[in-house]
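Just entry39.csv here, CSV, N, CA and C atoms:
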chain,number,residue,atom,x,y,z
A,1,MET,N,66.1,46.5,-38.7
A,1,MET,CA,65.5,47.7,-38.0
A,1,MET,C,64.7,48.5,-39.0
A,2,ARG,N,65.2,48.7,-40.3
A,2,ARG,CA,64.5,49.4,-41.3
A,2,ARG,C,63.2,48.8,-41.6
A,3,ARG,N,63.2,47.5,-41.8
A,3,ARG,CA,61.9,46.7,-42.1
A,3,ARG,C,60.9,46.9,-41.0
A,4,PHE,N,61.3,46.9,-39.8
A,4,PHE,CA,60.4,47.1,-38.6
A,4,PHE,C,59.7,48.5,-38.7
A,5,VAL,N,60.5,49.5,-39.0
A,5,VAL,CA,60.0,50.9,-39.1
A,5,VAL,C,59.0,51.0,-40.3
A,6,ASP,N,59.3,50.3,-41.4
A,6,ASP,CA,58.5,50.3,-42.6
A,6,ASP,C,57.1,49.7,-42.2
A,7,VAL,N,57.1,48.6,-41.5
A,7,VAL,CA,55.9,47.8,-41.2
A,7,VAL,C,55.1,48.7,-40.2
A,8,VAL,N,55.7,49.2,-39.2
A,8,VAL,CA,55.0,50.1,-38.2
A,8,VAL,C,54.4,51.3,-38.9
A,9,ALA,N,55.1,52.0,-39.7
A,9,ALA,CA,54.6,53.2,-40.4
A,9,ALA,C,53.5,52.9,-41.3
A,10,SER,N,53.7,51.8,-42.1
A,10,SER,CA,52.6,51.5,-43.0
A,10,SER,C,51.3,51.0,-42.3
A,11,SER,N,51.5,50.3,-41.2
A,11,SER,CA,50.3,49.9,-40.4
A,11,SER,C,49.6,51.1,-39.8
A,12,ALA,N,50.4,52.0,-39.3
A,12,ALA,CA,49.8,53.2,-38.8
A,12,ALA,C,49.0,54.0,-39.9
A,13,GLY,N,49.6,54.1,-41.0
A,13,GLY,CA,49.0,54.8,-42.1
A,13,GLY,C,47.7,54.1,-42.5
A,14,LEU,N,47.6,52.8,-42.6
A,14,LEU,CA,46.4,52.1,-42.9
A,14,LEU,C,45.3,52.3,-41.9
A,15,VAL,N,45.7,52.3,-40.6
A,15,VAL,CA,44.7,52.5,-39.5
A,15,VAL,C,44.2,54.0,-39.6
A,16,LEU,N,45.0,54.9,-39.8
A,16,LEU,CA,44.6,56.3,-39.9
A,16,LEU,C,43.7,56.6,-41.1
A,17,LEU,N,44.0,56.0,-42.2
A,17,LEU,CA,43.3,56.2,-43.4
A,17,LEU,C,42.1,55.3,-43.7
A,18,SER,N,41.9,54.3,-42.8
A,18,SER,CA,40.9,53.3,-43.0
A,18,SER,C,39.5,54.0,-43.1
A,19,PRO,N,39.1,55.0,-42.4
A,19,PRO,CA,37.8,55.6,-42.6
A,19,PRO,C,37.6,56.1,-44.0
A,20,ILE,N,38.7,56.7,-44.6
A,20,ILE,CA,38.6,57.2,-46.0
A,20,ILE,C,38.5,56.0,-46.9
A,21,PHE,N,39.2,54.9,-46.7
A,21,PHE,CA,39.1,53.7,-47.5
A,21,PHE,C,37.7,53.1,-47.5
A,22,VAL,N,37.1,53.1,-46.3
A,22,VAL,CA,35.7,52.6,-46.2
A,22,VAL,C,34.8,53.5,-47.0
A,23,ALA,N,34.9,54.8,-46.9
A,23,ALA,CA,34.0,55.7,-47.7
A,23,ALA,C,34.2,55.5,-49.2
A,24,VAL,N,35.4,55.4,-49.6
A,24,VAL,CA,35.7,55.1,-51.0
A,24,VAL,C,35.1,53.8,-51.5
A,25,ALA,N,35.2,52.8,-50.7
A,25,ALA,CA,34.7,51.5,-51.0
A,25,ALA,C,33.2,51.5,-51.1
A,26,ILE,N,32.5,52.2,-50.2
A,26,ILE,CA,31.1,52.3,-50.2
A,26,ILE,C,30.6,53.1,-51.5
A,27,SER,N,31.4,54.2,-51.8
A,27,SER,CA,31.1,55.0,-53.0
A,27,SER,C,31.2,54.2,-54.3
A,28,ILE,N,32.2,53.3,-54.4
A,28,ILE,CA,32.4,52.5,-55.5
A,28,ILE,C,31.2,51.5,-55.7
A,29,ARG,N,30.9,50.9,-54.6
A,29,ARG,CA,29.8,49.9,-54.6
A,29,ARG,C,28.5,50.6,-54.9
A,30,ALA,N,28.2,51.8,-54.4
A,30,ALA,CA,26.9,52.4,-54.6
A,30,ALA,C,26.7,53.0,-56.0
A,31,THR,N,27.8,53.3,-56.7
A,31,THR,CA,27.7,53.9,-58.0
A,31,THR,C,27.9,53.0,-59.2
A,32,GLY,N,28.0,51.7,-59.0
A,32,GLY,CA,28.2,50.9,-60.1
A,32,GLY,C,28.3,49.4,-59.7
A,33,ARG,N,28.2,48.6,-60.8
A,33,ARG,CA,28.3,47.1,-60.6
A,33,ARG,C,29.8,46.7,-60.7
A,34,GLY,N,30.1,45.6,-60.1
A,34,GLY,CA,31.4,45.0,-60.2
A,34,GLY,C,32.1,45.1,-58.9
A,35,PRO,N,33.3,44.5,-58.8
A,35,PRO,CA,34.0,44.5,-57.6
A,35,PRO,C,34.5,45.8,-57.1
A,36,ILE,N,34.8,45.9,-55.9
A,36,ILE,CA,35.4,47.2,-55.3
A,36,ILE,C,36.9,47.3,-55.7
A,37,PHE,N,37.6,46.2,-55.7
A,37,PHE,CA,39.0,46.3,-56.0
A,37,PHE,C,39.3,45.7,-57.4
A,38,PHE,N,40.4,46.3,-58.0
A,38,PHE,CA,40.9,45.8,-59.2
A,38,PHE,C,42.2,45.0,-58.9
A,39,ARG,N,42.3,43.8,-59.4
A,39,ARG,CA,43.4,43.0,-59.1
A,39,ARG,C,44.1,42.7,-60.4
A,40,GLN,N,45.5,42.7,-60.4
A,40,GLN,CA,46.2,42.4,-61.6
A,40,GLN,C,47.6,41.9,-61.2
A,41,GLU,N,48.1,40.9,-62.0
A,41,GLU,CA,49.4,40.4,-61.8
A,41,GLU,C,50.4,41.3,-62.6
A,42,ARG,N,51.4,41.7,-62.0
A,42,ARG,CA,52.4,42.5,-62.7
A,42,ARG,C,53.8,41.9,-62.6
A,43,VAL,N,54.7,42.4,-63.4
A,43,VAL,CA,56.1,41.9,-63.3
A,43,VAL,C,57.0,43.0,-62.8
A,44,GLY,N,57.7,42.8,-61.7
A,44,GLY,CA,58.5,43.8,-61.1
A,44,GLY,C,60.0,43.7,-61.5
A,45,ARG,N,60.8,44.2,-60.6
A,45,ARG,CA,62.2,44.2,-60.8
A,45,ARG,C,62.8,42.8,-60.8
A,46,HIS,N,63.7,42.5,-61.7
A,46,HIS,CA,64.3,41.2,-61.8
A,46,HIS,C,63.3,40.1,-62.3
A,47,GLY,N,62.2,40.6,-62.9
A,47,GLY,CA,61.2,39.6,-63.4
A,47,GLY,C,60.3,38.9,-62.3
A,48,ILE,N,60.3,39.5,-61.1
A,48,ILE,CA,59.5,38.9,-60.0
A,48,ILE,C,58.1,39.3,-60.2
A,49,ARG,N,57.2,38.4,-60.2
A,49,ARG,CA,55.8,38.6,-60.4
A,49,ARG,C,55.2,39.0,-59.0
A,50,PHE,N,54.2,39.9,-59.0
A,50,PHE,CA,53.5,40.3,-57.8
A,50,PHE,C,52.1,40.7,-58.2
A,51,ARG,N,51.2,40.6,-57.2
A,51,ARG,CA,49.8,41.0,-57.5
A,51,ARG,C,49.5,42.3,-56.8
A,52,ILE,N,48.9,43.2,-57.6
A,52,ILE,CA,48.5,44.5,-57.2
A,52,ILE,C,47.0,44.6,-56.9
A,53,TYR,N,46.6,45.3,-55.9
A,53,TYR,CA,45.2,45.5,-55.5
A,53,TYR,C,45.0,47.0,-55.4
A,54,LYS,N,44.0,47.5,-56.1
A,54,LYS,CA,43.7,48.9,-56.0
A,54,LYS,C,42.2,49.2,-56.2
A,55,PHE,N,41.7,50.3,-55.8
A,55,PHE,CA,40.3,50.6,-55.9
A,55,PHE,C,40.0,50.7,-57.4
A,56,ARG,N,38.8,50.1,-57.8
A,56,ARG,CA,38.4,50.1,-59.2
A,56,ARG,C,38.0,51.5,-59.6
A,57,THR,N,38.6,52.0,-60.6
A,57,THR,CA,38.2,53.3,-61.1
A,57,THR,C,37.6,53.3,-62.5
A,58,MET,N,37.5,52.1,-63.1
A,58,MET,CA,36.8,52.0,-64.4
A,58,MET,C,35.7,50.9,-64.3
A,59,VAL,N,34.9,50.9,-65.3
A,59,VAL,CA,33.8,49.9,-65.3
A,59,VAL,C,34.4,48.5,-65.3
A,60,ALA,N,33.6,47.6,-64.9
A,60,ALA,CA,34.0,46.2,-64.9
A,60,ALA,C,34.2,45.8,-66.4
A,61,ASP,N,35.2,45.0,-66.6
A,61,ASP,CA,35.5,44.5,-68.0
A,61,ASP,C,35.9,45.7,-68.9
A,62,ALA,N,36.6,46.7,-68.4
A,62,ALA,CA,36.9,47.8,-69.2
A,62,ALA,C,37.8,47.5,-70.4
A,63,ALA,N,38.7,46.5,-70.2
A,63,ALA,CA,39.6,46.1,-71.3
A,63,ALA,C,38.8,45.6,-72.5
A,64,ARG,N,37.7,45.0,-72.3
A,64,ARG,CA,36.9,44.5,-73.4
A,64,ARG,C,36.2,45.6,-74.2
A,65,TRP,N,36.1,46.8,-73.6
A,65,TRP,CA,35.3,47.9,-74.2
A,65,TRP,C,36.2,48.9,-74.8
A,66,GLY,N,37.6,48.8,-74.7
A,66,GLY,CA,38.4,49.8,-75.3
A,66,GLY,C,39.9,49.4,-75.2
A,67,SER,N,40.8,50.3,-75.5
A,67,SER,CA,42.2,50.1,-75.5
A,67,SER,C,42.7,50.0,-74.0
A,68,SER,N,44.0,49.7,-73.9
A,68,SER,CA,44.6,49.6,-72.6
A,68,SER,C,45.1,51.0,-72.1
A,69,VAL,N,45.0,52.0,-72.9
A,69,VAL,CA,45.4,53.3,-72.6
A,69,VAL,C,44.1,54.2,-72.4
A,70,THR,N,44.1,55.0,-71.4
A,70,THR,CA,43.0,55.9,-71.1
A,70,THR,C,43.4,57.3,-71.5
A,71,VAL,N,42.4,58.0,-72.0
A,71,VAL,CA,42.6,59.4,-72.3
A,71,VAL,C,41.6,60.3,-71.6
A,72,GLY,N,41.7,61.6,-71.6
A,72,GLY,CA,40.8,62.4,-71.0
A,72,GLY,C,39.4,62.2,-71.5
A,73,GLY,N,38.4,62.1,-70.7
A,73,GLY,CA,37.0,61.9,-71.1
A,73,GLY,C,36.7,60.5,-71.5
A,74,ASP,N,37.5,59.5,-71.1
A,74,ASP,CA,37.2,58.1,-71.4
A,74,ASP,C,35.9,57.7,-70.7
A,75,VAL,N,35.0,57.2,-71.4
A,75,VAL,CA,33.7,56.8,-70.9
A,75,VAL,C,33.7,55.6,-69.9
A,76,ARG,N,34.8,54.9,-70.0
A,76,ARG,CA,34.9,53.7,-69.1
A,76,ARG,C,35.3,54.1,-67.7
A,77,VAL,N,35.7,55.3,-67.4
A,77,VAL,CA,36.1,55.7,-66.1
A,77,VAL,C,34.8,56.1,-65.3
A,78,THR,N,34.7,55.6,-64.1
A,78,THR,CA,33.5,55.9,-63.3
A,78,THR,C,33.6,57.2,-62.7
A,79,ARG,N,32.4,57.7,-62.1
A,79,ARG,CA,32.4,59.0,-61.4
A,79,ARG,C,33.4,59.0,-60.3
A,80,VAL,N,33.4,57.9,-59.5
A,80,VAL,CA,34.4,57.8,-58.4
A,80,VAL,C,35.8,57.8,-58.9
A,81,GLY,N,36.0,57.1,-60.0
A,81,GLY,CA,37.3,57.0,-60.6
A,81,GLY,C,37.8,58.3,-61.1
A,82,ARG,N,37.0,59.2,-61.5
A,82,ARG,CA,37.4,60.5,-61.9
A,82,ARG,C,37.9,61.3,-60.7
A,83,PHE,N,37.2,61.1,-59.6
A,83,PHE,CA,37.6,61.8,-58.3
A,83,PHE,C,38.9,61.2,-57.8
A,84,LEU,N,39.1,59.9,-57.9
A,84,LEU,CA,40.3,59.3,-57.4
A,84,LEU,C,41.5,59.7,-58.3
Would you write the structure of this file as structure tokens?
Amino acid sequence: MRRFVDVVASSAGLVLLSPIFVAVAISIRATGRGPIFFRQERVGRHGIRFRIYKFRTMVADAARWGSSVTVGGDVRVTRVGRFL
């Protein structure tokens, strides 16, 4: 029952927020080159690997241009990324 409630609530949230997601995606595409989404494989609890997808807030290939830690005023962060 709990899984069902989680799926229904998250689906409703995605539908309600979809206009905002579309606007963010358009903004990312309009203000720079590169993909809209950032994909990364991470390791979770008990060593289980999972893939995370999130809106790109840094320039494409940011890891090649600096450290893995960002600080205030990092030039690799896009204008939309600063807003997000």
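Every residue of chain A with a DSSP assignment of strand (DSSP E), taken from the backbone, is listed as Phe37, Phe38, Arg39, Gln40, Glu41, Arg42, Val43, Arg49, Phe50, Arg51, Ile52, Tyr53, Lys54 and Phe55 of chain A.
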Q: Looking only at alpha helix (DSSP H) from DSSP on the backbone, list the matching residues of chain A as a ChimeraX atom specification.
A: /A:2-31,62-65,79-83
**Q.** Sel. within 10 Å of pt (33.9, 59.4, -51.7), counting only C-alpha atoms, output as a VMD selection string
**A.** chain A and resid 20 to 28 79 to 81 83 to 84
Please produce a file of those selected residues containing N, CA and C atoms, as a compact mmCIF listing (two decimals), in the frame of the given file.
# COMPACT_ATOMS: atom_id res chain seq x y z
N ILE A 20 38.70 56.70 -44.60
CA ILE A 20 38.60 57.20 -46.00
C ILE A 20 38.50 56.00 -46.90
N PHE A 21 39.20 54.90 -46.70
CA PHE A 21 39.10 53.70 -47.50
C PHE A 21 37.70 53.10 -47.50
N VAL A 22 37.10 53.10 -46.30
CA VAL A 22 35.70 52.60 -46.20
C VAL A 22 34.80 53.50 -47.00
N ALA A 23 34.90 54.80 -46.90
CA ALA A 23 34.00 55.70 -47.70
C ALA A 23 34.20 55.50 -49.20
N VAL A 24 35.40 55.40 -49.60
CA VAL A 24 35.70 55.10 -51.00
C VAL A 24 35.10 53.80 -51.50
N ALA A 25 35.20 52.80 -50.70
CA ALA A 25 34.70 51.50 -51.00
C ALA A 25 33.20 51.50 -51.10
N ILE A 26 32.50 52.20 -50.20
CA ILE A 26 31.10 52.30 -50.20
C ILE A 26 30.60 53.10 -51.50
N SER A 27 31.40 54.20 -51.80
CA SER A 27 31.10 55.00 -53.00
C SER A 27 31.20 54.20 -54.30
N ILE A 28 32.20 53.30 -54.40
CA ILE A 28 32.40 52.50 -55.50
C ILE A 28 31.20 51.50 -55.70
N ARG A 79 32.40 57.70 -62.10
CA ARG A 79 32.40 59.00 -61.40
C ARG A 79 33.40 59.00 -60.30
N VAL A 80 33.40 57.90 -59.50
CA VAL A 80 34.40 57.80 -58.40
C VAL A 80 35.80 57.80 -58.90
N GLY A 81 36.00 57.10 -60.00
CA GLY A 81 37.30 57.00 -60.60
C GLY A 81 37.80 58.30 -61.10
N PHE A 83 37.20 61.10 -59.60
CA PHE A 83 37.60 61.80 -58.30
C PHE A 83 38.90 61.20 -57.80
N LEU A 84 39.10 59.90 -57.90
CA LEU A 84 40.30 59.30 -57.40
C LEU A 84 41.50 59.70 -58.30
Q: Grab the CA of Gly34 in chain A to CA of Gly13 in chain A distance for me, in Å with one decimal place.
A: 27.1 Å
(Q) Between atom N of Glu41 in chain A and CA of Tyr53 in chain A, what is the distance in Å, rounded to a tenth? (A)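 These two atoms are separated by 8.5 Å.
Candidate residues A:Arg29, A:His46, A:Arg39, A:Arg76 were compared for distance to Val59 in chain A, and the nearest is A:Arg76, using all atoms listed in the file.
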Q: Find the distance between atom N of Ile48 in chain A and CA of Val71 in chain A and write it in Å to one decimal.
A: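 Interatomic distance, atom N of Ile48 in chain A to CA of Val71 in chain A: 28.9 Å.
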Return the padded bounding box of range 60-71 of chain A as AutoDock Vina command-line options: axis-aligned, built from all atoms listed in the file, 5 Å added on each side, with centre and edge lengths in Å to one decimal.
--center_x 39.5 --center_y 52.4 --center_z -70.2 --size_x 21.8 --size_y 25.8 --size_z 20.6
